[in-house]
Each structure stands twice: as structure tokens, then as C-alpha cells.
$ cat my_file-v2.cif   # mmCIF, C-alpha atoms and all ligand atoms; chains and numbers go by the auth columns
data_model
#
loop_
_atom_site.group_PDB
_atom_site.id
_atom_site.type_symbol
_atom_site.label_atom_id
_atom_site.label_comp_id
_atom_site.label_asym_id
_atom_site.label_seq_id
_atom_site.Cartn_x
_atom_site.Cartn_y
_atom_site.Cartn_z
_atom_site.B_iso_or_equiv
_atom_site.auth_seq_id
_atom_site.auth_asym_id
ATOM 1 C CA MET A 1 -6.757 16.516 -4.044 0.00 1 A
ATOM 2 C CA THR A 2 -9.423 16.181 -6.694 0.00 2 A
ATOM 3 C CA ARG A 3 -12.662 14.287 -6.267 0.00 3 A
ATOM 4 C CA ALA A 4 -11.418 11.667 -8.741 0.00 4 A
ATOM 5 C CA GLU A 5 -8.289 11.145 -6.619 0.00 5 A
ATOM 6 C CA SER A 6 -10.314 10.746 -3.424 0.00 6 A
ATOM 7 C CA ALA A 7 -12.565 8.224 -5.150 0.00 7 A
ATOM 8 C CA TYR A 8 -9.531 6.321 -6.417 0.00 8 A
ATOM 9 C CA LEU A 9 -7.938 6.200 -2.948 0.00 9 A
ATOM 10 C CA ALA A 10 -11.189 4.951 -1.436 0.00 10 A
ATOM 11 C CA ARG A 11 -11.187 2.082 -3.941 0.00 11 A
ATOM 12 C CA VAL A 12 -7.541 1.313 -3.125 0.00 12 A
ATOM 13 C CA ALA A 13 -8.296 1.248 0.608 0.00 13 A
ATOM 14 C CA ARG A 14 -11.120 -1.234 0.047 0.00 14 A
ATOM 15 C CA LEU A 15 -8.631 -3.791 -1.332 0.00 15 A
ATOM 16 C CA GLY A 16 -7.160 -4.270 2.146 0.00 16 A
ATOM 17 C CA CYS A 17 -3.447 -4.478 2.964 0.00 17 A
ATOM 18 C CA ALA A 18 -1.389 -5.596 -0.062 0.00 18 A
ATOM 19 C CA CYS A 19 1.141 -7.457 2.110 0.00 19 A
ATOM 20 C CA CYS A 20 -1.515 -9.230 4.167 0.00 20 A
ATOM 21 C CA ASN A 21 -3.262 -10.289 0.955 0.00 21 A
ATOM 22 C CA LEU A 22 -0.027 -11.654 -0.516 0.00 22 A
ATOM 23 C CA LEU A 23 0.784 -13.430 2.765 0.00 23 A
ATOM 24 C CA GLY A 24 -2.679 -14.975 2.771 0.00 24 A
ATOM 25 C CA PHE A 25 -3.921 -13.164 5.889 0.00 25 A
ATOM 26 C CA ASP A 26 -7.555 -12.199 6.057 0.00 26 A
ATOM 27 C CA MET A 27 -7.519 -8.529 7.045 0.00 27 A
ATOM 28 C CA SER A 28 -10.784 -7.640 5.369 0.00 28 A
ATOM 29 C CA ASP A 29 -12.114 -5.933 8.504 0.00 29 A
ATOM 30 C CA VAL A 30 -9.070 -3.656 8.862 0.00 30 A
ATOM 31 C CA GLN A 31 -9.110 -0.255 7.160 0.00 31 A
ATOM 32 C CA PRO A 32 -5.663 0.086 5.577 0.00 32 A
ATOM 33 C CA GLU A 33 -3.501 3.187 5.420 0.00 33 A
ATOM 34 C CA ILE A 34 -2.309 4.508 2.060 0.00 34 A
ATOM 35 C CA HIS A 35 1.399 4.318 1.300 0.00 35 A
ATOM 36 C CA HIS A 36 3.010 6.381 -1.453 0.00 36 A
ATOM 37 C CA PRO A 37 6.251 4.820 -2.793 0.00 37 A
ATOM 38 C CA ARG A 38 8.253 8.061 -2.693 0.00 38 A
ATOM 39 C CA GLU A 39 7.202 9.222 0.789 0.00 39 A
ATOM 40 C CA ASP A 40 10.613 8.471 2.268 0.00 40 A
ATOM 41 C CA GLN A 41 12.392 10.748 -0.199 0.00 41 A
ATOM 42 C CA GLY A 42 10.347 13.726 0.915 0.00 42 A
ATOM 43 C CA MET A 43 8.229 13.506 -2.218 0.00 43 A
ATOM 44 C CA ALA A 44 4.921 13.202 -0.382 0.00 44 A
ATOM 45 C CA GLN A 45 3.773 16.664 -1.458 0.00 45 A
ATOM 46 C CA ARG A 46 4.324 15.897 -5.116 0.00 46 A
ATOM 47 C CA ALA A 47 3.677 12.137 -5.135 0.00 47 A
ATOM 48 C CA SER A 48 0.706 11.254 -7.283 0.00 48 A
ATOM 49 C CA SER A 49 -2.382 9.981 -5.519 0.00 49 A
ATOM 50 C CA TYR A 50 -2.390 7.252 -8.129 0.00 50 A
ATOM 51 C CA LEU A 51 0.877 5.836 -6.787 0.00 51 A
ATOM 52 C CA ALA A 52 -0.953 4.413 -3.819 0.00 52 A
ATOM 53 C CA ILE A 53 -0.499 1.110 -2.006 0.00 53 A
ATOM 54 C CA PRO A 54 -2.905 0.008 0.737 0.00 54 A
ATOM 55 C CA LEU A 55 -1.086 -1.273 3.839 0.00 55 A
ATOM 56 C CA CYS A 56 -2.207 -2.110 7.365 0.00 56 A
ATOM 57 C CA ALA A 57 -0.598 -0.116 10.193 0.00 57 A
ATOM 58 C CA GLU A 58 1.822 -2.973 10.936 0.00 58 A
ATOM 59 C CA HIS A 59 3.007 -3.424 7.348 0.00 59 A
ATOM 60 C CA HIS A 60 3.128 0.344 6.837 0.00 60 A
ATOM 61 C CA ARG A 61 4.715 1.773 9.976 0.00 61 A
ATOM 62 C CA GLY A 62 5.480 -1.339 12.050 0.00 62 A
ATOM 63 C CA ALA A 63 9.008 -2.542 12.927 0.00 63 A
ATOM 64 C CA HIS A 64 9.141 -4.869 9.888 0.00 64 A
ATOM 65 C CA GLY A 65 6.980 -2.735 7.617 0.00 65 A
ATOM 66 C CA ILE A 66 7.738 -0.504 4.634 0.00 66 A
ATOM 67 C CA HIS A 67 8.915 2.344 6.884 0.00 67 A
ATOM 68 C CA GLY A 68 10.628 -0.085 9.267 0.00 68 A
ATOM 69 C CA ASP A 69 13.312 -2.644 8.376 0.00 69 A
ATOM 70 C CA ARG A 70 11.242 -3.808 5.348 0.00 70 A
ATOM 71 C CA GLN A 71 11.446 -7.457 6.370 0.00 71 A
ATOM 72 C CA VAL A 72 7.977 -7.960 4.904 0.00 72 A
ATOM 73 C CA LEU A 73 9.319 -7.151 1.409 0.00 73 A
ATOM 74 C CA ARG A 74 12.117 -9.706 1.777 0.00 74 A
ATOM 75 C CA GLN A 75 9.575 -12.232 3.059 0.00 75 A
ATOM 76 C CA LEU A 76 7.402 -11.643 -0.010 0.00 76 A
ATOM 77 C CA LYS A 77 10.445 -11.389 -2.317 0.00 77 A
ATOM 78 C CA CYS A 78 9.006 -8.259 -3.829 0.00 78 A
ATOM 79 C CA SER A 79 9.482 -4.520 -4.042 0.00 79 A
ATOM 80 C CA GLU A 80 7.187 -1.563 -3.529 0.00 80 A
ATOM 81 C CA ILE A 81 6.694 -1.492 -7.292 0.00 81 A
ATOM 82 C CA ASP A 82 5.430 -5.075 -7.160 0.00 82 A
ATOM 83 C CA LEU A 83 2.957 -4.024 -4.465 0.00 83 A
ATOM 84 C CA LEU A 84 1.879 -1.143 -6.684 0.00 84 A
ATOM 85 C CA ALA A 85 1.384 -3.587 -9.572 0.00 85 A
ATOM 86 C CA TRP A 86 -0.668 -5.839 -7.289 0.00 86 A
ATOM 87 C CA THR A 87 -2.823 -2.854 -6.329 0.00 87 A
ATOM 88 C CA ILE A 88 -3.480 -1.819 -9.928 0.00 88 A
ATOM 89 C CA GLY A 89 -4.108 -5.420 -10.963 0.00 89 A
ATOM 90 C CA ARG A 90 -6.652 -5.917 -8.197 0.00 90 A
ATOM 91 C CA LEU A 91 -8.469 -2.710 -9.090 0.00 91 A
ATOM 92 C CA ASN A 92 -8.839 -3.948 -12.645 0.00 92 A
ATOM 93 C CA SER A 93 -9.852 -7.534 -11.962 0.00 93 A
HETATM 94 ZN ZN ZN B . -0.746 -5.978 6.392 0.00 101 B
HETATM 95 ZN ZN ZN B . 4.074 5.096 3.754 0.00 102 B
#

$ encode --input "my_file-v2.cif" --output "C-alpha cells"
Amino acid sequence: MTRAESAYLARVARLGCACCNLLGFDMSDVQPEIHHPREDQGMAQRASSYLAIPLCAEHHRGAHGIHGDRQVLRQLKCSEIDLLAWTIGRLNS
């Protein structure tokens, strides 16, 4: 990973969990994990660092999270791409 990628991911992590933000939860004191949209397809090695979504442990790997039954996406009526768009929008606002 390049220095620019590490710096980018640090900025993404500082946004806090995308799902918690959209649900109106204040998770500002929780360091989020970084989710890459194509992880599940075994693309993690090749997935770009710039396709990064910050998620708390629950919304990332929890029972209803992105790697769980994805209930949180149905609750938010959005897709991973929408979360990616939220991330990029926040970084540029
Ligand atoms: Zn969350
Ligand atoms: Zn993930």
C-alpha cells in the first residue's frame, strides 16, 4: 500500500461508521473498520484502497452487518455503492 493510500484510509476511518451516521447514531468515539465492497468475492487482494467504506465492528461483521444478513442495508434502503458514495461525499464536504 502506498503512503497516499494509507493517508486516504486514515481520513476514511475518521468519518466514523457510514451506517451509524446514516442511522443517526453518534459513534464518533469508535474507530471504524474499513470495508472493501468486493471483499466477499475474494477480490480483497486486488480491491482498490480507494473503494473503502468505514463501518463499526457491528455493521461490518455483526449478525446484521455487511458480512452478516445485511439487514442494515435493507433498513437504510441502500446498497454498498450508496455507502461508498456517502463516504466520498463526506470526504469532499
Ligand atoms: Zn455502525
Ligand atoms: Zn468488509

$ residues_around --input "my_file-v2.cif" --residues "segment 77-82 of chain A" --least-positions-apart "2" --cutoff "12 Å" --atoms "only C-alpha atoms" --output "number ranges by chain"
A: 18-19, 22-23, 35-39, 51-55, 59-60, 65-67, 70-75, 84-89

$ closest_residue --input "my_file-v2.cif" --among "A:Ile34, A:Leu15, A:Asp26, A:Ser48" --to "Thr2 of chain A" --atoms "only C-alpha atoms"
A:Ser48

$ residues_near_point --input "my_file-v2.cif" --point "(-10.3, 3.3, -2.7)" --cutoff "12 Å" --atoms "only C-alpha atoms" --output "list in words"
Arg3, Ala4, Glu5, Ser6, Ala7, Tyr8, Leu9, Ala10, Arg11, Val12, Ala13, Arg14, Leu15, Gly16, Cys17, Gln31, Pro32, Glu33, Ile34, Ser49, Tyr50, Ala52, Ile53, Pro54, Thr87, Ile88, Arg90 and Leu91 of chain A

$ write_last_selection --input "my_file-v2.cif" --atoms "C-alpha atoms" --output "compact mmCIF listing (two decimals), keeping the file's coordinate frame"
# COMPACT_ATOMS: atom_id res chain seq x y z
CA ARG A 3 -12.66 14.29 -6.27
CA ALA A 4 -11.42 11.67 -8.74
CA GLU A 5 -8.29 11.14 -6.62
CA SER A 6 -10.31 10.75 -3.42
CA ALA A 7 -12.56 8.22 -5.15
CA TYR A 8 -9.53 6.32 -6.42
CA LEU A 9 -7.94 6.20 -2.95
CA ALA A 10 -11.19 4.95 -1.44
CA ARG A 11 -11.19 2.08 -3.94
CA VAL A 12 -7.54 1.31 -3.12
CA ALA A 13 -8.30 1.25 0.61
CA ARG A 14 -11.12 -1.23 0.05
CA LEU A 15 -8.63 -3.79 -1.33
CA GLY A 16 -7.16 -4.27 2.15
CA CYS A 17 -3.45 -4.48 2.96
CA GLN A 31 -9.11 -0.26 7.16
CA PRO A 32 -5.66 0.09 5.58
CA GLU A 33 -3.50 3.19 5.42
CA ILE A 34 -2.31 4.51 2.06
CA SER A 49 -2.38 9.98 -5.52
CA TYR A 50 -2.39 7.25 -8.13
CA ALA A 52 -0.95 4.41 -3.82
CA ILE A 53 -0.50 1.11 -2.01
CA PRO A 54 -2.90 0.01 0.74
CA THR A 87 -2.82 -2.85 -6.33
CA ILE A 88 -3.48 -1.82 -9.93
CA ARG A 90 -6.65 -5.92 -8.20
CA LEU A 91 -8.47 -2.71 -9.09

$ atom_distance --input "my_file-v2.cif" --atom1 "atom CA of Cys56 of chain A" --atom2 "atom ZN of ligand ZN 101 (chain B)"
4.2 Å

$ atom_distance --input "my_file-v2.cif" --atom1 "atom CA of Met1 of chain A" --atom2 "atom CA of Ser93 of chain A"
25.5 Å

$ closest_residue --input "my_file-v2.cif" --among "A:Asp69, A:Ala57, A:Ala63, A:Asp29" --to "ligand ZN 101 (chain B)" --atoms "only C-alpha atoms and all ligand atoms"
A:Ala57

$ closest_residue --input "my_file-v2.cif" --among "A:Cys20, A:Gly68, A:Phe25, A:Val30" --to "ligand ZN 102 (chain B)" --atoms "only C-alpha atoms and all ligand atoms"
A:Gly68

$ axis_aligned_box --input "my_file-v2.cif" --around "segment 17-25 of chain A" --padding-each-side "8 Å" --output "JSON"
{"center_x": -1.4, "center_y": -9.7, "center_z": 2.7, "size_x": 21.1, "size_y": 26.5, "size_z": 22.4}
